[in-house]
Amino acid sequence: NLSTREPQELRDKMVALGVTHMSAGSKTNPGGNSQIEEPSETQFDIEDSRKVTEVAKMLLTKGYDPVWKDWDRQYHKEGV
């Protein structure tokens, strides 16, 4: 797992070493992903503030396929 706490340059280079999970578009303040915008302090600093689409584009340019969810039963059906 590679979090957004790490700098963009490091994250981009670590992909080639077999990183299988990367966060992107993270919010670190309590309730940060809720629909209600209430001011709150962040829990830690984000070093890579790229949007999800920007991280996905980086992966594609390096020849990797971004997978948004791989835990769904549909991925594990016989013949799929």
# chains A, B, ... in the order shown; residues from 1 in each chain; ligands from 1
$ residues_around --residues "Glu54 of chain A" --least-positions-apart "2" --cutoff "12 Å" --atoms "only C-alpha atoms" --output "list of chain:residue names"
A:Gln8, A:Asp12, A:Ser23, A:Ala24, A:Gly25, A:Asp48, A:Ser49, A:Arg50, A:Lys51, A:Val52, A:Ala56, A:Lys57, A:Met58, A:Leu59, A:Leu60, A:Thr61, A:Pro66
$ residues_around --residues "Thr20 of chain A" --least-positions-apart "4" --cutoff "12 Å" --atoms "only C-alpha atoms" --output "PyMOL selection string"
chain A and resi 1-3+11+14-16+59+64-70
$ write_last_selection --atoms "all heavy atoms" --output "short mmCIF file (atom, residue, chain, number, x, y, z; two decimals), in the first residue's frame"
data_model
loop_
_atom_site.label_atom_id
_atom_site.label_comp_id
_atom_site.auth_asym_id
_atom_site.auth_seq_id
_atom_site.Cartn_x
_atom_site.Cartn_y
_atom_site.Cartn_z
N ASN A 1 0.85 -1.19 0.00
CA ASN A 1 0.00 0.00 0.00
C ASN A 1 0.88 1.23 0.00
O ASN A 1 1.85 1.30 0.74
CB ASN A 1 -0.88 0.03 1.23
CG ASN A 1 -1.94 -1.05 1.21
OD1 ASN A 1 -2.31 -1.56 0.17
ND2 ASN A 1 -2.45 -1.38 2.37
N LEU A 2 0.51 2.18 -0.84
CA LEU A 2 1.26 3.43 -0.93
C LEU A 2 0.30 4.59 -0.76
O LEU A 2 -0.63 4.75 -1.56
CB LEU A 2 1.97 3.49 -2.28
CG LEU A 2 3.10 4.49 -2.45
CD1 LEU A 2 4.16 4.34 -1.38
CD2 LEU A 2 3.73 4.31 -3.81
N SER A 3 0.49 5.36 0.28
CA SER A 3 -0.47 6.41 0.61
C SER A 3 -0.09 7.75 0.00
O SER A 3 1.03 7.94 -0.49
CB SER A 3 -0.60 6.56 2.13
OG SER A 3 0.47 7.32 2.64
N ARG A 11 6.06 8.01 -5.35
CA ARG A 11 4.94 7.13 -5.69
C ARG A 11 5.02 6.68 -7.15
O ARG A 11 4.80 5.51 -7.45
CB ARG A 11 3.62 7.84 -5.41
CG ARG A 11 3.33 7.97 -3.93
CD ARG A 11 2.23 8.94 -3.61
NE ARG A 11 1.06 8.89 -4.42
CZ ARG A 11 -0.05 8.19 -4.14
NH1 ARG A 11 -0.12 7.49 -3.04
NH2 ARG A 11 -1.09 8.24 -4.94
N MET A 14 7.75 4.03 -7.41
CA MET A 14 7.49 2.80 -6.67
C MET A 14 6.55 1.84 -7.42
O MET A 14 6.57 0.64 -7.17
CB MET A 14 6.90 3.12 -5.30
CG MET A 14 7.85 3.83 -4.36
SD MET A 14 9.20 2.81 -3.77
CE MET A 14 8.33 1.73 -2.67
N VAL A 15 5.76 2.36 -8.33
CA VAL A 15 4.83 1.52 -9.09
C VAL A 15 5.58 0.37 -9.76
O VAL A 15 5.11 -0.77 -9.75
CB VAL A 15 4.08 2.37 -10.15
CG1 VAL A 15 3.32 1.50 -11.12
CG2 VAL A 15 3.13 3.34 -9.46
N ALA A 16 6.74 0.64 -10.30
CA ALA A 16 7.51 -0.38 -11.01
C ALA A 16 8.01 -1.49 -10.09
O ALA A 16 8.39 -2.57 -10.56
CB ALA A 16 8.69 0.26 -11.72
N LEU A 59 -0.60 5.87 -14.18
CA LEU A 59 -0.50 4.41 -14.27
C LEU A 59 -0.61 3.93 -15.72
O LEU A 59 0.15 3.08 -16.16
CB LEU A 59 -1.57 3.76 -13.41
CG LEU A 59 -1.40 3.93 -11.90
CD1 LEU A 59 -2.65 3.46 -11.17
CD2 LEU A 59 -0.17 3.20 -11.40
N TYR A 64 0.33 0.28 -16.93
CA TYR A 64 -0.45 -0.44 -15.93
C TYR A 64 -1.93 -0.09 -16.07
O TYR A 64 -2.29 0.99 -16.50
CB TYR A 64 0.02 -0.10 -14.52
CG TYR A 64 1.46 -0.47 -14.26
CD1 TYR A 64 2.46 0.49 -14.35
CD2 TYR A 64 1.80 -1.77 -13.97
CE1 TYR A 64 3.79 0.15 -14.15
CE2 TYR A 64 3.13 -2.13 -13.76
CZ TYR A 64 4.12 -1.16 -13.85
OH TYR A 64 5.43 -1.50 -13.64
N ASP A 65 -2.78 -1.02 -15.68
CA ASP A 65 -4.22 -0.80 -15.71
C ASP A 65 -4.71 -0.47 -14.30
O ASP A 65 -4.58 -1.29 -13.40
CB ASP A 65 -4.96 -2.05 -16.19
CG ASP A 65 -4.69 -2.37 -17.63
OD1 ASP A 65 -4.56 -1.42 -18.43
OD2 ASP A 65 -4.62 -3.55 -17.98
N PRO A 66 -5.29 0.72 -14.12
CA PRO A 66 -5.87 1.02 -12.81
C PRO A 66 -7.09 0.13 -12.57
O PRO A 66 -7.92 -0.02 -13.46
CB PRO A 66 -6.30 2.49 -12.91
CG PRO A 66 -5.81 2.99 -14.22
CD PRO A 66 -5.40 1.83 -15.04
N VAL A 67 -7.16 -0.49 -11.43
CA VAL A 67 -8.30 -1.32 -11.05
C VAL A 67 -8.96 -0.63 -9.87
O VAL A 67 -8.35 -0.42 -8.84
CB VAL A 67 -7.86 -2.76 -10.66
CG1 VAL A 67 -9.05 -3.57 -10.18
CG2 VAL A 67 -7.18 -3.43 -11.84
N TRP A 68 -10.22 -0.28 -10.05
CA TRP A 68 -10.91 0.49 -9.02
C TRP A 68 -11.41 -0.40 -7.89
O TRP A 68 -11.49 0.02 -6.76
CB TRP A 68 -12.08 1.27 -9.62
CG TRP A 68 -11.61 2.11 -10.76
CD1 TRP A 68 -11.89 1.94 -12.07
CD2 TRP A 68 -10.73 3.23 -10.70
NE1 TRP A 68 -11.25 2.89 -12.83
CE2 TRP A 68 -10.54 3.70 -12.01
CE3 TRP A 68 -10.10 3.89 -9.66
CZ2 TRP A 68 -9.73 4.79 -12.30
CZ3 TRP A 68 -9.29 4.98 -9.96
CH2 TRP A 68 -9.13 5.42 -11.26
N LYS A 69 -11.76 -1.64 -8.22
CA LYS A 69 -12.19 -2.56 -7.17
C LYS A 69 -11.98 -3.97 -7.69
O LYS A 69 -12.38 -4.30 -8.79
CB LYS A 69 -13.62 -2.24 -6.75
CG LYS A 69 -14.69 -3.16 -7.13
CD LYS A 69 -16.03 -2.66 -6.61
CE LYS A 69 -17.13 -3.56 -7.08
NZ LYS A 69 -18.44 -3.17 -6.68
N ASP A 70 -11.31 -4.78 -6.90
CA ASP A 70 -11.05 -6.15 -7.33
C ASP A 70 -11.60 -7.18 -6.35
O ASP A 70 -11.36 -8.35 -6.47
CB ASP A 70 -9.56 -6.38 -7.55
CG ASP A 70 -8.75 -6.21 -6.30
OD1 ASP A 70 -9.32 -5.87 -5.24
OD2 ASP A 70 -7.53 -6.40 -6.37
#
